[in-house]
Amino acid sequence: MKSSFRRYLLLFIFAASVISCAEDSSRNYEYMPNMYHTVTYETYGEYPVFENGQEAKLPAEGSVPRGWMPYPYENTPEGFAAARANLKNPLPYTEDNLAAGKQLYTIYCAVCHGDNGDGQGILAEREKILGIPPYDDAGRNINEGTVYHVMYYGLNNMGSYASQTTITERWLIDQYVMKLKNDLQGGPEREFDQTQRGAEPARNLIPAINAEKPIIVKDNGRGVSTTSGDQENQN
Ligand code: HEC
């Protein structure tokens, strides 16, 4: 009994003396340093072997992210005029595309521009945003090039939609805006294009509104976010 007590006491003294060697003000022993320090280079780490000592490199000049295409028209009056003259909608005018465009238009634009594009959306009615023009405004004479340009850069009280929508989505919205303009002007109904058989319908390019892939609504703790299975990441 006595001897085991002494053994425990010795063990205690030994353990206490080991622990008491730890000093707060300086580096202590690391028993298994490999557990703490990776041998590979860490992301954004600083290492002398790299130019500028930085692990993170800038992409080569002129690199373009996957799925992204540069927009060649500048945010200037000249750029606007050039977009009006040259920028054409690459999507075929089909029933599916028009329906997809309507859906996106309702999400992004109708609050201000109104469901039929007369400029009397709910925010206009409540006088939160003023000066929203109807799409058939003669002075503005919008066309598919200017609509895309304005969505890309925004215009005064209207923000840019470049980061919220993909290229395809903007063209779908554009198509629907041009239909609304035509309806407001009482123009004849535009005929749908005959698309080639086997051609990829544009709606397959937009996972968020592709009927076969349900929209997933998840709570991320900061409110609800809506995502779809995979993201087309374009600007
Ligand atoms: C927050 C309200 C708001 C939203 C949302 C909004 N707009 Fe606008 N939009 C405006 C205002 C205000 C103007 C007039 C800007 C000006 O000329 O000062 C305008 C102007 C326009 C014009 C005319 C530009 C020209 O050539 O003079 C077009 C086309 C247009 N918007 C399209 C859209 C589309 C497409 C969407 C959705 C992607 C959208 N807007 C969303 C407020 C909005």
# chains A, B, ... in the order shown; residues from 1 in each chain; ligands from 1
>>> residues_near_ligand(ligand="ligand 1", cutoff="9 Å", atoms="only C-alpha atoms and all ligand atoms", output="MDAnalysis selection string")
chainID A and resid 80 104:113 117 119 121 123:124 128:135 137 139:144 146:152 154:161 165 170 173:174 176:178
>>> residues_around(residues="A:Asn86", least_positions_apart="4", cutoff="9 Å", atoms="only C-alpha atoms", output="MDAnalysis selection string")
chainID A and resid 81:82 145
>>> select_by_dssp(residues="stretch 15-205 of chain A", states="helix (DSSP H, G or I)", output="PyMOL selection string")
chain A and resi 15-20+33-35+51-53+77-86+95-108+110-113+122-125+144-153+167-184+202-205
>>> atom_distance(atom1="atom CA of A:Lys179", atom2="atom CA of A:Gly67")
27.6 Å
>>> atom_distance(atom1="atom CA of A:Thr43", atom2="atom CA of A:Tyr31")
25.0 Å
